[in-house]
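*Asks:* This is start-v9.txt, which holds compact mmCIF, C-alpha atoms:
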```
# COMPACT_ATOMS: atom_id res chain seq x y z
CA MET A 1 0.00 0.00 0.00
CA VAL A 2 2.82 2.41 0.89
CA GLY A 3 4.55 1.53 -2.43
CA LEU A 4 1.37 2.42 -4.32
CA LEU A 5 1.07 5.71 -2.41
CA ILE A 6 4.72 6.60 -3.14
CA SER A 7 4.25 5.92 -6.87
CA GLN A 8 1.08 8.08 -6.85
CA ILE A 9 2.93 10.93 -5.13
CA VAL A 10 5.91 10.71 -7.53
CA LEU A 11 3.66 10.62 -10.61
CA SER A 12 1.57 13.48 -9.27
CA LEU A 13 4.72 15.53 -8.56
CA VAL A 14 6.10 14.91 -12.06
CA LEU A 15 2.84 16.00 -13.69
CA ALA A 16 2.50 19.06 -11.44
CA VAL A 17 6.06 20.11 -12.34
CA ILE A 18 5.25 19.72 -16.07
CA PHE A 19 2.16 21.94 -15.72
CA LEU A 20 4.12 24.46 -13.67
CA ILE A 21 6.87 24.79 -16.28
CA ARG A 22 4.74 24.42 -19.42
CA PRO A 23 1.06 25.14 -18.72
CA SER A 24 0.59 25.86 -22.44
CA VAL A 25 0.65 22.12 -23.23
CA THR A 26 -2.96 21.96 -22.05
CA ALA A 27 -4.01 23.63 -25.33
CA ASN A 28 -3.98 20.08 -26.68
CA VAL A 29 -7.06 17.93 -25.84
CA GLY A 30 -4.93 14.94 -24.79
CA TRP A 31 -2.96 17.08 -22.33
CA LYS A 32 -6.22 18.51 -20.98
CA ILE A 33 -7.12 14.98 -19.88
CA VAL A 34 -3.63 14.48 -18.44
CA ALA A 35 -4.02 17.78 -16.54
CA PHE A 36 -7.32 16.59 -15.09
CA ILE A 37 -5.64 13.38 -13.92
CA GLY A 38 -2.46 15.11 -12.69
CA LEU A 39 -4.03 18.10 -10.96
CA CYS A 40 -7.27 16.58 -9.70
CA ILE A 41 -7.54 12.78 -9.63
CA LEU A 42 -3.99 11.86 -8.54
CA PRO A 43 -3.68 14.53 -5.79
CA ALA A 44 -7.09 13.45 -4.43
CA MET A 45 -5.84 9.84 -4.39
CA CYS A 46 -2.69 11.02 -2.59
CA ILE A 47 -4.87 12.60 0.14
CA VAL A 48 -6.89 9.38 0.58
CA GLY A 49 -3.78 7.18 0.53
CA GLY A 50 -1.91 9.48 2.93
CA MET A 51 -4.82 9.56 5.36
CA ASN A 52 -5.09 5.76 5.26
CA THR A 53 -1.34 5.35 5.88
CA HIS A 54 -1.41 7.82 8.78
CA ILE A 55 -4.43 6.13 10.38
CA VAL A 56 -2.83 2.66 10.14
CA ARG A 57 0.40 4.09 11.54
CA SER A 58 -1.37 5.80 14.45
CA GLU A 59 -2.63 2.40 15.60
CA GLN A 60 0.91 1.23 16.30
CA ARG A 61 2.23 0.99 19.86
CA ARG A 62 5.45 2.82 19.07
CA PHE A 63 3.39 5.72 17.67
CA CYS A 64 1.43 6.01 20.96
CA ILE A 65 4.51 5.92 23.16
CA SER A 66 6.43 8.38 20.99
CA CYS A 67 4.64 11.09 23.05
CA HIS A 68 6.76 11.81 26.13
CA ALA A 69 3.79 11.54 28.51
CA MET A 70 2.92 8.07 27.19
CA GLU A 71 6.44 6.63 27.50
CA PRO A 72 5.92 5.16 31.05
CA TYR A 73 2.69 3.52 29.87
CA GLY A 74 4.70 1.78 27.15
CA ARG A 75 7.28 0.64 29.73
CA SER A 76 4.54 -0.72 31.98
CA LEU A 77 3.75 -3.31 29.30
CA TYR A 78 7.06 -4.99 30.23
CA LEU A 79 6.30 -5.31 33.98
CA ASP A 80 7.37 -8.76 35.14
CA ASP A 81 4.22 -9.49 37.12
CA SER A 82 1.22 -11.33 35.71
CA LYS A 83 -1.24 -9.46 37.96
CA PHE A 84 -0.81 -6.36 35.78
CA LEU A 85 -3.50 -6.65 33.14
CA PRO A 86 -1.90 -4.68 30.24
CA ALA A 87 1.50 -6.37 30.75
CA GLN A 88 -0.11 -9.81 30.86
CA HIS A 89 -2.11 -9.17 27.67
CA PHE A 90 0.90 -7.71 25.85
CA GLN A 91 3.51 -10.29 26.89
CA ASN A 92 1.27 -13.29 26.19
CA HIS A 93 0.11 -11.87 22.82
CA ARG A 94 -3.53 -11.78 23.93
CA VAL A 95 -3.51 -8.55 21.94
CA PRO A 96 -1.30 -7.99 18.85
CA PRO A 97 1.92 -6.60 20.39
CA ASP A 98 2.43 -4.02 17.63
CA THR A 99 -1.02 -2.53 18.17
CA ALA A 100 -1.38 -3.30 21.89
CA CYS A 101 -2.51 0.22 22.93
CA GLU A 102 -5.10 0.47 20.18
CA SER A 103 -6.50 -3.03 20.89
CA CYS A 104 -7.53 -2.13 24.45
CA HIS A 105 -8.20 1.61 24.07
CA ALA A 106 -9.98 1.83 20.70
CA ASP A 107 -13.62 2.82 20.64
CA TYR A 108 -15.29 -0.10 18.86
CA SER A 109 -18.56 1.73 18.14
CA ILE A 110 -19.56 2.83 14.61
CA TYR A 111 -18.11 6.33 14.88
CA GLY A 112 -15.37 5.12 17.24
CA PRO A 113 -12.42 5.64 14.87
CA PHE A 114 -13.46 9.29 14.29
CA LYS A 115 -13.92 9.87 18.04
CA ASP A 116 -10.51 8.26 18.65
CA LYS A 117 -8.81 10.57 16.16
CA ALA A 118 -10.55 13.64 17.65
CA ARG A 119 -9.45 12.53 21.13
CA GLY A 120 -5.93 11.96 19.81
CA LEU A 121 -5.81 15.52 18.46
CA THR A 122 -6.90 16.80 21.88
CA ARG A 123 -4.02 14.87 23.47
CA ILE A 124 -1.55 16.35 20.94
CA PHE A 125 -2.87 19.80 21.87
CA MET A 126 -2.33 19.00 25.57
CA GLN A 127 1.18 17.72 24.90
CA TYR A 128 2.43 20.67 22.86
CA VAL A 129 0.23 23.65 23.72
CA SER A 130 -1.15 23.21 27.22
CA SER A 131 0.12 20.43 29.49
CA PRO A 132 -0.87 16.78 29.89
CA PRO A 133 -2.95 16.03 33.01
CA ASN A 134 -1.18 14.28 35.85
CA PRO A 135 -2.24 11.53 36.32
CA ILE A 136 -3.50 10.87 32.79
CA THR A 137 -7.11 9.74 32.90
CA ILE A 138 -9.56 8.41 30.33
CA PRO A 139 -12.53 10.78 29.90
CA GLY A 140 -15.63 8.93 31.12
CA GLY A 141 -13.55 6.09 32.56
CA TYR A 142 -12.49 2.81 31.00
CA SER A 143 -15.48 1.16 29.32
CA ASN A 144 -16.17 -2.55 29.85
CA LEU A 145 -17.17 -2.73 26.19
CA GLN A 146 -13.49 -2.59 25.30
CA CYS A 147 -12.86 -5.75 27.38
CA LEU A 148 -16.05 -7.45 26.21
CA HIS A 149 -15.20 -6.78 22.56
CA CYS A 150 -12.81 -9.76 22.82
CA HIS A 151 -13.85 -11.59 25.99
CA GLU A 152 -17.63 -11.76 25.57
CA GLY A 153 -18.50 -15.23 24.31
CA ALA A 154 -15.07 -16.65 25.13
CA ARG A 155 -15.43 -19.97 27.00
CA SER A 156 -13.01 -19.22 29.85
CA PHE A 157 -14.71 -15.86 30.44
CA MET A 158 -18.31 -17.08 30.22
CA GLU A 159 -17.74 -20.19 32.37
CA ASN A 160 -16.14 -18.17 35.17
CA PRO A 161 -18.84 -18.14 37.91
CA VAL A 162 -17.95 -14.61 39.03
CA HIS A 163 -18.35 -13.26 35.50
CA SER A 164 -21.58 -15.14 34.78
CA ALA A 165 -23.13 -13.97 38.07
CA MET A 166 -22.68 -10.31 37.18
CA MET A 167 -22.85 -10.44 33.37
CA SER A 168 -25.70 -7.92 33.02
CA THR A 169 -23.89 -5.48 35.36
CA LEU A 170 -20.76 -5.83 33.25
CA THR A 171 -22.42 -5.48 29.85
CA SER A 172 -24.40 -2.42 30.98
CA ASN A 173 -21.14 -0.89 32.27
CA GLN A 174 -22.66 -0.40 35.75
CA MET A 175 -19.63 -2.01 37.34
CA SER A 176 -16.17 -1.63 35.88
CA CYS A 177 -13.98 -4.65 35.14
CA LEU A 178 -11.19 -2.60 36.71
CA THR A 179 -13.05 -2.27 40.04
CA SER A 180 -10.95 -2.76 43.13
CA GLY A 181 -10.73 -6.44 43.99
CA CYS A 182 -11.22 -7.58 40.39
CA HIS A 183 -8.75 -6.51 37.67
CA ASP A 184 -7.51 -3.33 39.32
CA SER A 185 -3.79 -3.67 38.54
CA VAL A 186 -3.29 -1.84 35.28
CA HIS A 187 -0.44 0.41 34.16
CA ASP A 188 0.75 1.51 37.63
CA VAL A 189 3.16 4.08 36.17
CA ASN A 190 3.95 5.65 39.56
CA ASP A 191 5.82 2.58 40.83
CA LEU A 192 7.87 1.80 37.73
CA LYS A 193 11.17 2.89 39.32
CA THR A 194 11.16 -0.01 41.76
CA ALA A 195 9.45 -2.53 39.47
CA LYS A 196 11.03 -5.57 37.85
CA PHE A 197 10.80 -5.75 34.07
CA TRP A 198 10.55 -8.61 31.62
CA SER A 199 13.07 -8.55 28.84
CA PRO A 200 11.98 -10.39 25.66
CA GLY A 201 14.42 -13.08 24.57
CA GLN A 202 15.80 -13.80 28.05
CA MET B 1 -9.82 42.55 -12.07
CA LYS B 2 -12.07 39.68 -13.17
CA ILE B 3 -11.07 36.14 -12.26
CA SER B 4 -11.52 35.08 -15.88
CA ALA B 5 -8.88 37.64 -16.91
CA LEU B 6 -6.19 35.62 -15.13
CA GLY B 7 -6.05 33.05 -17.90
CA ILE B 8 -5.95 29.27 -17.66
CA GLU B 9 -2.15 29.13 -17.61
CA ASN B 10 -1.87 31.22 -14.46
CA PHE B 11 -4.51 29.08 -12.79
CA LEU B 12 -2.56 25.95 -13.73
CA ARG B 13 0.69 27.43 -12.39
CA VAL B 14 -0.89 28.32 -9.04
CA SER B 15 -2.59 24.93 -8.84
CA SER B 16 0.69 23.12 -9.63
CA VAL B 17 2.63 25.09 -7.01
CA LEU B 18 0.02 24.34 -4.32
CA ILE B 19 -0.07 20.64 -5.21
CA ILE B 20 3.74 20.35 -5.28
CA LEU B 21 4.01 22.04 -1.86
CA GLY B 22 1.24 19.82 -0.46
CA LEU B 23 2.88 16.66 -1.78
CA VAL B 24 6.28 17.68 -0.38
CA VAL B 25 4.65 18.24 3.04
CA GLU B 26 2.91 14.85 2.70
CA ILE B 27 6.26 13.15 1.98
CA ILE B 28 7.81 14.83 5.04
CA SER B 29 4.86 13.73 7.21
CA LEU B 30 5.22 10.13 5.97
CA LEU B 31 8.96 10.04 6.70
CA TRP B 32 8.53 11.55 10.19
CA PHE B 33 7.26 8.98 12.70
CA HIS B 34 5.73 11.27 15.31
CA PRO B 35 2.21 12.25 16.45
CA LEU B 36 2.81 15.73 15.02
CA SER B 37 3.31 14.22 11.56
CA PHE B 38 -0.42 13.43 11.50
CA VAL B 39 -1.20 17.05 12.37
CA LEU B 40 1.18 18.21 9.64
CA PHE B 41 -0.54 15.96 7.11
CA ALA B 42 -4.11 16.64 8.22
CA PHE B 43 -3.85 20.43 8.50
CA VAL B 44 -1.07 21.50 6.11
CA ALA B 45 -0.74 18.89 3.36
CA ILE B 46 -4.47 18.31 2.87
CA THR B 47 -5.16 22.06 2.85
CA LEU B 48 -2.46 22.76 0.23
CA ILE B 49 -3.40 19.83 -2.03
CA GLY B 50 -7.12 20.57 -1.60
CA LEU B 51 -6.57 24.23 -2.53
CA GLY B 52 -4.52 23.13 -5.56
CA ILE B 53 -7.38 20.90 -6.74
CA LEU B 54 -9.90 23.70 -6.16
CA VAL B 55 -7.80 26.21 -8.12
CA TYR B 56 -7.54 23.70 -10.98
CA LEU B 57 -11.31 23.11 -10.93
CA ALA B 58 -11.85 26.89 -10.80
CA SER B 59 -9.69 27.20 -13.92
CA LEU B 60 -12.12 24.93 -15.76
CA VAL B 61 -15.03 27.16 -14.80
CA PHE B 62 -13.64 30.69 -14.82
CA ALA B 63 -10.49 30.85 -16.92
CA THR B 64 -10.57 31.76 -20.60
CA GLU B 65 -8.41 30.09 -23.24
CA PRO B 66 -5.83 32.34 -24.97
CA LYS B 67 -7.32 33.71 -28.20
CA THR B 68 -6.40 31.99 -31.48
CA GLY B 69 -3.12 33.30 -32.80
CA GLU B 70 -2.07 34.57 -29.39
CA LYS B 71 1.43 33.37 -28.49
CA HIS B 72 1.85 31.17 -25.45
CA PRO B 73 4.33 32.73 -23.03
CA ALA B 74 6.04 29.42 -22.11
```
Rewrite the structure of this file - the entire thing - as structure tokens.
*Replies:*
Amino acid sequence: MVGLLISQIVLSLVLAVIFLIRPSVTANVGWKIVAFIGLCILPAMCIVGGMNTHIVRSEQRRFCISCHAMEPYGRSLYLDDSKFLPAQHFQNHRVPPDTACESCHADYSIYGPFKDKARGLTRIFMQYVSSPPNPITIPGGYSNLQCLHCHEGARSFMENPVHSAMMSTLTSNQMSCLTSGCHDSVHDVNDLKTAKFWSPGQ
Amino acid sequence: MKISALGIENFLRVSSVLIILGLVVEIISLLWFHPLSFVLFAFVAITLIGLGILVYLASLVFATEPKTGEKHPA
């Protein structure tokens, strides 16, 4: 896909340079069609292709943690303790490791991707114009729907008596999966200095 | 001055410049792996390329062809 985008950009650039240097060539009907392709169709395709590439790229873990404020959250994925939910999911590949952040924090509703991008722009504004909140919180709290997107219907989840007893409370988001006493150990970025880390390949 | 008096060639030059600048910004944003690269693409590259397309489309509507016998400057 990136190769196709690069060839579109190069072709579009070449045509734009031709029409910049010699706009008079468009007097010919054939060149009029080429101008329409080079100055309208191809640039529009470059916008669509560029947007697609940027969206795919923004789903990557290394993109998320390239913001200074997010760096400790990326490190917390390597905590050597299975009680930490994100670390456990990441290290055991319960979520794709390259898109680990997106897998658990994406809004899976219809307009979710648009809301995610708008929220992402707000975070960029906080990072570079104002200042990121400390501690960083998720507006509206962490939704159970993000857990249930994968776990709902899974045998080990459904057969767990604790889960089945409170299923309606979980699906209606009345009680958070991250409630104290359940799965409350998440990123824990404040205690990273003293924590032990897992090193892949050891 | 009327827009139509600008001539199709000037429209094409302006359109080409905007598109070239937009594509250069797009290339920079693709090479730069950083959250700001998305902002650069979404707000600068798309605006420049979009304006270039609009100027080209405007040339189809407003610009007049050089009269027969008139010499092309390029």
*Asks:* Using all atoms listed in the file, determine which residues of chain A fall within 6 Å of chain B; present them as a PyMOL selection string.
*Replies:* chain A and resi 13+16+20+22-23+40
*Asks:* When you count all atoms listed in the file, which of these residues is closest to Met70 (chain A): A:Ser103, A:Gln8, A:Asn134, A:Asn28?
*Replies:*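 Distance minimum relative to Met70 (chain A) lands on A:Asn134.
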*Asks:* Taking all atoms of region 22-34 of chain A that the file lists and extending 8 Å past them on each side, where is the centre of the axis-aligned box and how long are its edges? Answer in Å to one decimal, as AutoDock Vina command-line options.
*Replies:*
```
--center_x -1.2 --center_y 20.2 --center_z -22.6 --size_x 27.9 --size_y 27.4 --size_z 24.2
```
*Asks:* Mind checking which residues fall within 10 Å of Gly141 (chain A), counting only C-alpha atoms, ignoring those fewer than 4 positions away in the same chain, and posting them as a list in words?
*Replies:* Thr137, Ser176 and Leu178 of chain A
*Asks:* Quote the spacing between CA of Cys150 (chain A) and CA of Thr171 (chain A) in Å to one decimal place.
*Replies:* 12.7 Å
*Asks:* Excluding Cys177 (chain A) and residues on its chain fewer than 3 positions from it, collect all residues at most 8 Å away from it, counting all atoms listed in the file, and give them as a list in words.
*Replies:*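 Returned residues: Asn144, Cys147, Leu170, Cys182, His183 and Asp184 of chain A.
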*Asks:* Any chance you could export the current selection's C-alpha atoms as an mmCIF file, in the coordinates of the input?
*Replies:*
```cif
data_model
loop_
_atom_site.group_PDB
_atom_site.id
_atom_site.type_symbol
_atom_site.label_atom_id
_atom_site.label_comp_id
_atom_site.auth_asym_id
_atom_site.auth_seq_id
_atom_site.Cartn_x
_atom_site.Cartn_y
_atom_site.Cartn_z
ATOM 1 C CA ASN A 144 -16.170 -2.550 29.850
ATOM 2 C CA CYS A 147 -12.860 -5.750 27.380
ATOM 3 C CA LEU A 170 -20.760 -5.830 33.250
ATOM 4 C CA CYS A 182 -11.220 -7.580 40.390
ATOM 5 C CA HIS A 183 -8.750 -6.510 37.670
ATOM 6 C CA ASP A 184 -7.510 -3.330 39.320
#
```
*Asks:* Between A:Val95, A:Ala195, A:Val17, A:Leu79, which has the minimum distance to Arg61 (chain A) (counting only C-alpha atoms)?
*Replies:*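 Ranking A:Val95, A:Ala195, A:Val17, A:Leu79 by distance to Arg61 (chain A), first place goes to A:Val95.
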*Asks:* Expressed in Å to a single decimal, how great is the separation between CA of Val25 (chain B) and CA of Asp98 (chain A)?
*Replies:*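 Going from CA of Val25 (chain B) over to CA of Asp98 (chain A) covers 26.7 Å.
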*Asks:* Do a neighbour search on region 47-56 of chain A at 7 Å with only C-alpha atoms, toss out local chain neighbours closer than 2 positions, and write the hits as a list in words.
*Replies:*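 Result of the neighbour search: Leu5, Pro43, Ala44, Met45, Ser58 and Glu59 of chain A; Phe38 and Ile46 of chain B.
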*Asks:* Please compute the CA of Ala100 (chain A)-CA of Ala87 (chain A) distance, one decimal, in Å.
*Replies:* 9.8 Å
